[in-house]
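Source file: start.pdb. Holds: PDB, C-alpha atoms.
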MODEL        1
ATOM      1  CA  MET A   1     144.186 167.655  86.733
ATOM      2  CA  THR A   2     144.541 167.348  82.992
ATOM      3  CA  LYS A   3     141.589 167.180  80.626
ATOM      4  CA  LYS A   4     142.437 163.527  79.908
ATOM      5  CA  GLN A   5     142.486 162.597  83.625
ATOM      6  CA  LYS A   6     139.168 164.378  84.181
ATOM      7  CA  SER A   7     137.569 162.519  81.314
ATOM      8  CA  MET A   8     138.714 159.176  82.753
ATOM      9  CA  GLU A   9     137.354 160.082  86.182
ATOM     10  CA  GLU A  10     133.991 161.079  84.748
ATOM     11  CA  GLN A  11     133.831 157.815  82.818
ATOM     12  CA  LEU A  12     134.567 155.823  85.981
ATOM     13  CA  ASN A  13     131.835 157.687  87.857
ATOM     14  CA  GLU A  14     129.358 157.016  85.083
ATOM     15  CA  ASP A  15     130.267 153.323  85.038
ATOM     16  CA  LEU A  16     129.895 153.156  88.824
ATOM     17  CA  GLN A  17     126.494 154.835  88.703
ATOM     18  CA  SER A  18     125.376 152.447  85.958
ATOM     19  CA  GLU A  19     126.441 149.455  88.028
ATOM     20  CA  ARG A  20     124.610 150.811  91.075
ATOM     21  CA  ALA A  21     121.484 151.428  89.014
ATOM     22  CA  ALA A  22     121.640 147.914  87.572
ATOM     23  CA  ALA A  23     122.111 146.417  91.053
ATOM     24  CA  ALA A  24     119.165 148.423  92.383
ATOM     25  CA  ALA A  25     116.983 147.315  89.475
ATOM     26  CA  GLN A  26     117.992 143.685  90.053
ATOM     27  CA  GLU A  27     117.215 143.940  93.766
ATOM     28  CA  GLU A  28     113.829 145.487  93.025
ATOM     29  CA  ALA A  29     113.023 142.718  90.542
ATOM     30  CA  GLU A  30     113.979 140.021  93.072
ATOM     31  CA  ASN A  31     111.866 141.673  95.759
ATOM     32  CA  THR A  32     108.920 141.838  93.374
ATOM     33  CA  GLU A  33     109.366 138.155  92.522
ATOM     34  CA  LYS A  34     109.536 137.226  96.212
ATOM     35  CA  ALA A  35     106.404 139.228  96.913
ATOM     36  CA  ALA A  36     104.594 137.508  94.050
ATOM     37  CA  LYS A  37     105.664 134.088  95.267
ATOM     38  CA  LYS A  38     104.599 134.971  98.779
ATOM     39  CA  ASN A  39     101.041 135.521  97.573
ATOM     40  CA  GLN A  40     101.002 132.473  95.322
ATOM     41  CA  LYS A  41      99.076 129.392  96.441
ATOM     42  CA  ARG A  42     101.186 126.253  96.655
ATOM     43  CA  TRP A  43     100.795 122.726  97.963
ATOM     44  CA  TYR A  44     102.426 121.958 101.303
ATOM     45  CA  ILE A  45     102.817 118.608 103.035
ATOM     46  CA  VAL A  46     101.803 118.374 106.682
ATOM     47  CA  HIS A  47     102.924 115.590 108.997
ATOM     48  CA  THR A  48     100.279 114.188 111.360
ATOM     49  CA  TYR A  49      99.979 111.619 114.103
ATOM     50  CA  SER A  50      99.640 108.153 112.570
ATOM     51  CA  GLY A  51      96.012 107.242 111.961
ATOM     52  CA  HIS A  52      94.825 110.838 112.457
ATOM     53  CA  GLU A  53      94.969 111.943 108.804
ATOM     54  CA  ASN A  54      91.200 112.114 108.238
ATOM     55  CA  LYS A  55      90.616 113.737 111.637
ATOM     56  CA  VAL A  56      93.188 116.399 110.755
ATOM     57  CA  LYS A  57      91.407 117.041 107.443
ATOM     58  CA  VAL A  58      88.047 117.502 109.221
ATOM     59  CA  ASN A  59      89.541 119.628 112.019
ATOM     60  CA  LEU A  60      91.437 121.852 109.594
ATOM     61  CA  GLU A  61      88.437 122.389 107.334
ATOM     62  CA  LYS A  62      86.402 123.452 110.382
ATOM     63  CA  ARG A  63      89.145 125.883 111.448
ATOM     64  CA  ILE A  64      89.334 127.347 107.926
ATOM     65  CA  GLU A  65      85.606 128.072 108.023
ATOM     66  CA  TYR A  66      85.536 129.311 111.633
ATOM     67  CA  MET A  67      88.567 131.590 111.194
ATOM     68  CA  ASN A  68      87.541 132.851 107.728
ATOM     69  CA  MET A  69      90.705 131.569 106.057
ATOM     70  CA  GLY A  70      89.064 130.400 102.830
ATOM     71  CA  GLU A  71      90.984 133.012 100.841
ATOM     72  CA  LYS A  72      94.335 131.647 102.009
ATOM     73  CA  ILE A  73      93.755 127.918 102.578
ATOM     74  CA  PHE A  74      91.981 126.286  99.639
ATOM     75  CA  ARG A  75      92.127 122.486  99.720
ATOM     76  CA  VAL A  76      92.945 119.755 102.215
ATOM     77  CA  GLU A  77      93.570 116.286 100.790
ATOM     78  CA  VAL A  78      94.329 112.845 102.252
ATOM     79  CA  PRO A  79      95.511 110.818  99.211
ATOM     80  CA  GLN A  80      93.846 107.391  99.212
ATOM     81  CA  LYS A  81      93.357 104.442  96.898
ATOM     82  CA  THR A  82      90.745 101.692  96.744
ATOM     83  CA  VAL A  83      91.855  98.275  97.981
ATOM     84  CA  THR A  84      89.681  95.246  97.252
ATOM     85  CA  GLN A  85      89.908  92.295  99.632
ATOM     86  CA  MET A  86      88.617  88.851  98.748
ATOM     87  CA  LYS A  87      87.070  87.043 101.710
ATOM     88  CA  ALA A  88      84.999  83.879 101.377
ATOM     89  CA  GLY A  89      84.646  84.573  97.674
ATOM     90  CA  LYS A  90      83.214  88.044  98.269
ATOM     91  CA  LYS A  91      84.762  91.398  97.456
ATOM     92  CA  GLN A  92      85.153  93.923 100.245
ATOM     93  CA  GLU A  93      86.403  97.388  99.356
ATOM     94  CA  ARG A  94      88.171  99.791 101.669
ATOM     95  CA  GLU A  95      90.170 103.001 101.340
ATOM     96  CA  GLU A  96      93.906 102.794 101.995
ATOM     97  CA  LYS A  97      96.069 105.868 102.530
ATOM     98  CA  ILE A  98      98.838 106.296  99.962
ATOM     99  CA  PHE A  99     101.083 108.243 102.366
ATOM    100  CA  PRO A 100     100.172 107.337 105.966
ATOM    101  CA  GLY A 101     100.960 110.165 108.371
ATOM    102  CA  TYR A 102     100.738 112.971 105.787
ATOM    103  CA  VAL A 103      98.098 115.450 104.613
ATOM    104  CA  LEU A 104      98.302 117.802 101.602
ATOM    105  CA  VAL A 105      97.261 121.440 102.017
ATOM    106  CA  GLU A 106      96.934 123.948  99.159
ATOM    107  CA  MET A 107      97.454 127.413 100.614
ATOM    108  CA  ILE A 108      99.062 130.840 100.437
ATOM    109  CA  MET A 109     101.808 130.672 103.044
ATOM    110  CA  ASP A 110     101.971 133.547 105.500
ATOM    111  CA  GLU A 111     101.996 133.899 109.279
ATOM    112  CA  ASP A 112      98.211 133.637 109.595
ATOM    113  CA  SER A 113      97.721 130.581 107.376
ATOM    114  CA  TRP A 114     100.786 128.898 108.922
ATOM    115  CA  TYR A 115      99.318 129.424 112.391
ATOM    116  CA  VAL A 116      95.917 127.969 111.458
ATOM    117  CA  VAL A 117      97.401 124.796 109.956
ATOM    118  CA  ARG A 118     100.248 124.302 112.417
ATOM    119  CA  HIS A 119      97.963 124.558 115.458
ATOM    120  CA  THR A 120      95.301 122.192 114.155
ATOM    121  CA  ALA A 121      94.801 119.194 116.455
ATOM    122  CA  GLY A 122      96.794 116.204 115.186
ATOM    123  CA  VAL A 123      99.296 118.211 113.131
ATOM    124  CA  THR A 124     102.905 117.736 114.229
ATOM    125  CA  LYS A 125     104.776 119.853 111.663
ATOM    126  CA  PHE A 126     105.152 121.014 108.077
ATOM    127  CA  VAL A 127     107.620 119.205 105.847
ATOM    128  CA  GLY A 128     110.677 121.470 105.807
ATOM    129  CA  SER A 129     112.335 123.423 108.583
ATOM    130  CA  ALA A 130     110.328 124.712 111.545
ATOM    131  CA  LYS A 131     110.592 128.300 110.302
ATOM    132  CA  LYS A 132     110.365 127.690 106.561
ATOM    133  CA  PRO A 133     107.954 125.048 105.254
ATOM    134  CA  ILE A 134     108.969 123.839 101.802
ATOM    135  CA  PRO A 135     106.251 123.746  99.097
ATOM    136  CA  ALA A 136     105.891 120.504  97.168
ATOM    137  CA  ARG A 137     106.695 120.406  93.463
ATOM    138  CA  ASP A 138     103.655 120.771  91.221
ATOM    139  CA  SER A 139     104.700 117.687  89.230
ATOM    140  CA  GLU A 140     104.768 115.583  92.414
ATOM    141  CA  ILE A 141     101.333 116.787  93.504
ATOM    142  CA  LYS A 142      99.844 116.025  90.061
ATOM    143  CA  LYS A 143     101.148 112.452  90.270
ATOM    144  CA  ILE A 144      99.730 111.995  93.774
ATOM    145  CA  ILE A 145      96.309 113.427  92.883
ATOM    146  CA  HIS A 146      96.161 111.310  89.705
ATOM    147  CA  ARG A 147      97.141 108.198  91.617
ATOM    148  CA  SER A 148      94.453 108.718  94.253
ATOM    149  CA  SER A 149      91.747 109.485  91.647
ATOM    150  CA  SER A 150      92.584 106.600  89.298
ATOM    151  CA  GLN A 151      90.324 103.563  89.122
ATOM    152  CA  THR A 152      93.074 100.986  89.589
ATOM    153  CA  GLU A 153      92.579  98.696  92.524
ATOM    154  CA  LYS A 154      94.772  96.420  94.585
ATOM    155  CA  ILE A 155      93.337  93.043  95.546
ATOM    156  CA  GLU A 156      94.366  91.545  98.861
ATOM    157  CA  LEU A 157      93.824  87.925  99.843
ATOM    158  CA  ASP A 158      94.616  86.319 103.177
ATOM    159  CA  VAL A 159      96.539  83.296 101.891
ATOM    160  CA  LYS A 160     100.018  81.847 102.361
ATOM    161  CA  ALA A 161     102.188  78.991 101.108
ATOM    162  CA  GLY A 162     100.650  75.650 102.087
ATOM    163  CA  ASP A 163      97.015  76.809 101.919
ATOM    164  CA  LYS A 164      94.524  75.068  99.678
ATOM    165  CA  VAL A 165      92.363  77.098  97.297
ATOM    166  CA  ARG A 166      89.627  76.399  94.782
ATOM    167  CA  ILE A 167      90.154  77.796  91.276
ATOM    168  CA  ILE A 168      86.964  79.533  90.123
ATOM    169  CA  SER A 169      87.902  80.749  86.635
ATOM    170  CA  GLY A 170      90.270  79.993  83.778
ATOM    171  CA  PRO A 171      91.311  76.652  82.253
ATOM    172  CA  PHE A 172      91.684  75.041  85.694
ATOM    173  CA  ALA A 173      88.282  76.112  87.069
ATOM    174  CA  ASP A 174      86.918  73.785  89.805
ATOM    175  CA  PHE A 175      90.370  72.315  90.502
ATOM    176  CA  ILE A 176      91.804  72.341  94.029
ATOM    177  CA  ALA A 177      95.321  73.794  94.209
ATOM    178  CA  ASP A 178      98.062  73.886  96.847
ATOM    179  CA  ILE A 179      99.779  77.274  97.132
ATOM    180  CA  ILE A 180     103.561  77.206  96.639
ATOM    181  CA  GLU A 181     104.392  80.912  96.714
ATOM    182  CA  VAL A 182     102.482  84.197  97.074
ATOM    183  CA  TYR A 183     103.262  87.529  95.325
ATOM    184  CA  PRO A 184     101.185  90.161  97.201
ATOM    185  CA  ASP A 185     102.605  93.099  95.210
ATOM    186  CA  LYS A 186     101.254  91.541  91.988
ATOM    187  CA  SER A 187      98.073  90.001  93.500
ATOM    188  CA  LYS A 188      99.228  86.652  92.108
ATOM    189  CA  LEU A 189     100.429  83.270  93.378
ATOM    190  CA  ARG A 190     101.930  79.983  92.214
ATOM    191  CA  ALA A 191     100.195  76.737  93.099
ATOM    192  CA  ASN A 192     100.324  73.041  92.297
ATOM    193  CA  VAL A 193      97.340  71.509  90.537
ATOM    194  CA  SER A 194      96.959  67.720  90.304
ATOM    195  CA  ILE A 195      96.364  66.796  86.657
ATOM    196  CA  PHE A 196      96.284  63.098  85.679
ATOM    197  CA  GLY A 197      98.021  62.227  88.903
ATOM    198  CA  ARG A 198     100.854  64.684  88.385
ATOM    199  CA  GLU A 199     101.478  67.944  90.256
ATOM    200  CA  THR A 200     101.573  70.803  87.752
ATOM    201  CA  PRO A 201     102.612  74.320  88.858
ATOM    202  CA  VAL A 202     100.384  77.140  87.577
ATOM    203  CA  GLU A 203     100.287  80.900  88.107
ATOM    204  CA  LEU A 204      96.973  82.351  89.248
ATOM    205  CA  GLU A 205      95.561  85.773  90.009
ATOM    206  CA  TYR A 206      93.835  86.402  93.324
ATOM    207  CA  LYS A 207      90.523  86.959  91.539
ATOM    208  CA  GLN A 208      90.716  83.437  90.111
ATOM    209  CA  ILE A 209      90.585  81.640  93.453
ATOM    210  CA  ASN A 210      88.628  81.136  96.655
ATOM    211  CA  LYS A 211      90.358  80.144  99.860
ATOM    212  CA  LEU A 212      89.120  76.846 101.304
TER     213      LEU A 212
ENDMDL
END
Full structure transcribed into structure tokens:
Amino acid sequence: MTKKQKSMEEQLNEDLQSERAAAAAQEEAENTEKAAKKNQKRWYIVHTYSGHENKVKVNLEKRIEYMNMGEKIFRVEVPQKTVTQMKAGKKQEREEKIFPGYVLVEMIMDEDSWYVVRHTAGVTKFVGSAKKPIPARDSEIKKIIHRSSSQTEKIELDVKAGDKVRIISGPFADFIADIIEVYPDKSKLRANVSIFGRETPVELEYKQINKL
């Protein structure tokens, strides 16, 4: 072997060792990142039997306390919003679930915490595959929490086209109107009001009327 050939071989060995060292360092960094993520608390979405969301929340919170899992399972939320119904001119408020059939759980995912949540009465599964629940995006959770904590309210009124209502506020207060069309998503409706013997269509909000 000539001196030139030996030098080339040594260079190749050095390059190979450098590549191996870089690959090992990369693998170690990835493993460290995975380990960090494994111990990081995230929000997970749990599917429940319909109508059992609040029961699941209560049952899970009891299991967390009984099984001393407070260091791995932190919060259990059932996102809700306030809905105001108008009946006989009176407001009645109730809580309406934003995502029926789902509960949010903030937790560090491992075998123990998975077992506690998954085997809570009323829970059917985690969102994701059976073996690998998928954490929700932080941006999505922030929107959901903000939506459920906001003061906006949805007014519901049991009326339909053809019903008669009394207008209680606005320029047509004390007039009787015949409903033409209802827009539940906007809490508004269109109705005909008789003015000087002529039917005049007007748009009204639910809060402006009482059902006769």
Ranking A:Ile144, A:Ala121, A:Leu204, A:Val105 by minimum distance to A:Ile45 and counting all atoms listed in the file, which one comes first?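 Among the listed residues, A:Val105 lies closest to A:Ile45.
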Mind checking which residues fall within 12 Å of A:Ser139, counting all atoms listed in the file, ignoring those fewer than 5 positions away in the same chain, and posting them as an NGL selection string? :A and (42-43 or 144-146)
Taking the file as I've supplied it (selection: the PyMOL selection byres ((chain A and resi 94) around 8)), which residues are included? Please answer as a count of residues only. 8
Running the PyMOL selection byres ((chain A and resi 164) around 8) on this model by hand, what would come out? Give it as a CSV table (one decimal) with C-alpha atoms, in the coordinates of the input.
chain,number,residue,atom,x,y,z
A,162,GLY,CA,100.6,75.6,102.1
A,163,ASP,CA,97.0,76.8,101.9
A,165,VAL,CA,92.4,77.1,97.3
A,166,ARG,CA,89.6,76.4,94.8
A,176,ILE,CA,91.8,72.3,94.0
A,177,ALA,CA,95.3,73.8,94.2
A,178,ASP,CA,98.1,73.9,96.8
A,179,ILE,CA,99.8,77.3,97.1
A,211,LYS,CA,90.4,80.1,99.9
A,212,LEU,CA,89.1,76.8,101.3
Which residue of A:Lys186, A:Ser113, A:Ile180, A:Val76 approaches A:Pro201 most closely, using all atoms listed in the file: A:Ile180
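Pairwise distance (atom CA of A:Val103, atom CA of A:Thr48) equals 7.2 Å.
Each of A:Gly51, A:Leu189, A:Ala23, A:Met109 was checked against A:Met69 using only C-alpha atoms; the smallest atom-to-atom distance is that of A:Met109.
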Within 6 Å of A:Lys188, counting all atoms listed in the file, which residues show up once you throw out same-chain ones fewer than 3 positions away? Write them as a compact mmCIF listing (two decimals) with C-alpha atoms, keeping the file's coordinate frame, please.
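Final file, selection-v3.txt:
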# COMPACT_ATOMS: atom_id res chain seq x y z
CA TYR A 183 103.26 87.53 95.32
CA LEU A 204 96.97 82.35 89.25
CA GLU A 205 95.56 85.77 90.01
CA TYR A 206 93.84 86.40 93.32
What is the atom CA of A:Asn59-atom CA of A:Ala136 distance in Å, reported with one decimal? 22.1 Å
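With all atoms listed in the file as the atoms that count, the minimum distance from A:Phe126 to the choices A:Leu16, A:Val159, A:Val58, A:Val46 is reached by A:Val46.
Pairwise distance (atom CA of A:Ser169, atom CA of A:Glu203) equals 12.5 Å.
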Which residues would end up in the selection if the PyMOL selection byres ((chain A and resi 112) around 12) were applied here, given that I need the answer as a PyMOL selection string? chain A and resi 64+67-73+107-111+113-119
Emit as AutoDock Vina command-line options the padded axis-aligned box for all listed atoms of stretch 113-120 of chain A, 5 Å per side, with centre and edge lengths in Å to one decimal.
--center_x 98.0 --center_y 126.4 --center_z 111.4 --size_x 15.5 --size_y 18.4 --size_z 18.1
So, counting all atoms listed in the file, which residue among A:Leu157, A:Ile167, A:Ala22, A:Leu104 is closest to A:Ile141?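 Using all atoms listed in the file, A:Ile141 sits closest to A:Leu104.
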Of the residues A:Ala21, A:Glu14, A:Ile155, A:Tyr102, which is the one nearest to A:Lys125, using all atoms listed in the file?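 Looking at the shortest contact to A:Lys125, the residue is A:Tyr102.
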Using only C-alpha atoms, which protein or nucleic acid residues come within 8 Å of A:Thr120? Drop anything in the same chain fewer than 6 positions from it, and give the result as a compact mmCIF listing (two decimals) with C-alpha atoms, keeping the file's coordinate frame.
# COMPACT_ATOMS: atom_id res chain seq x y z
CA VAL A 56 93.19 116.40 110.76
CA ASN A 59 89.54 119.63 112.02
CA LEU A 60 91.44 121.85 109.59
CA ARG A 63 89.14 125.88 111.45
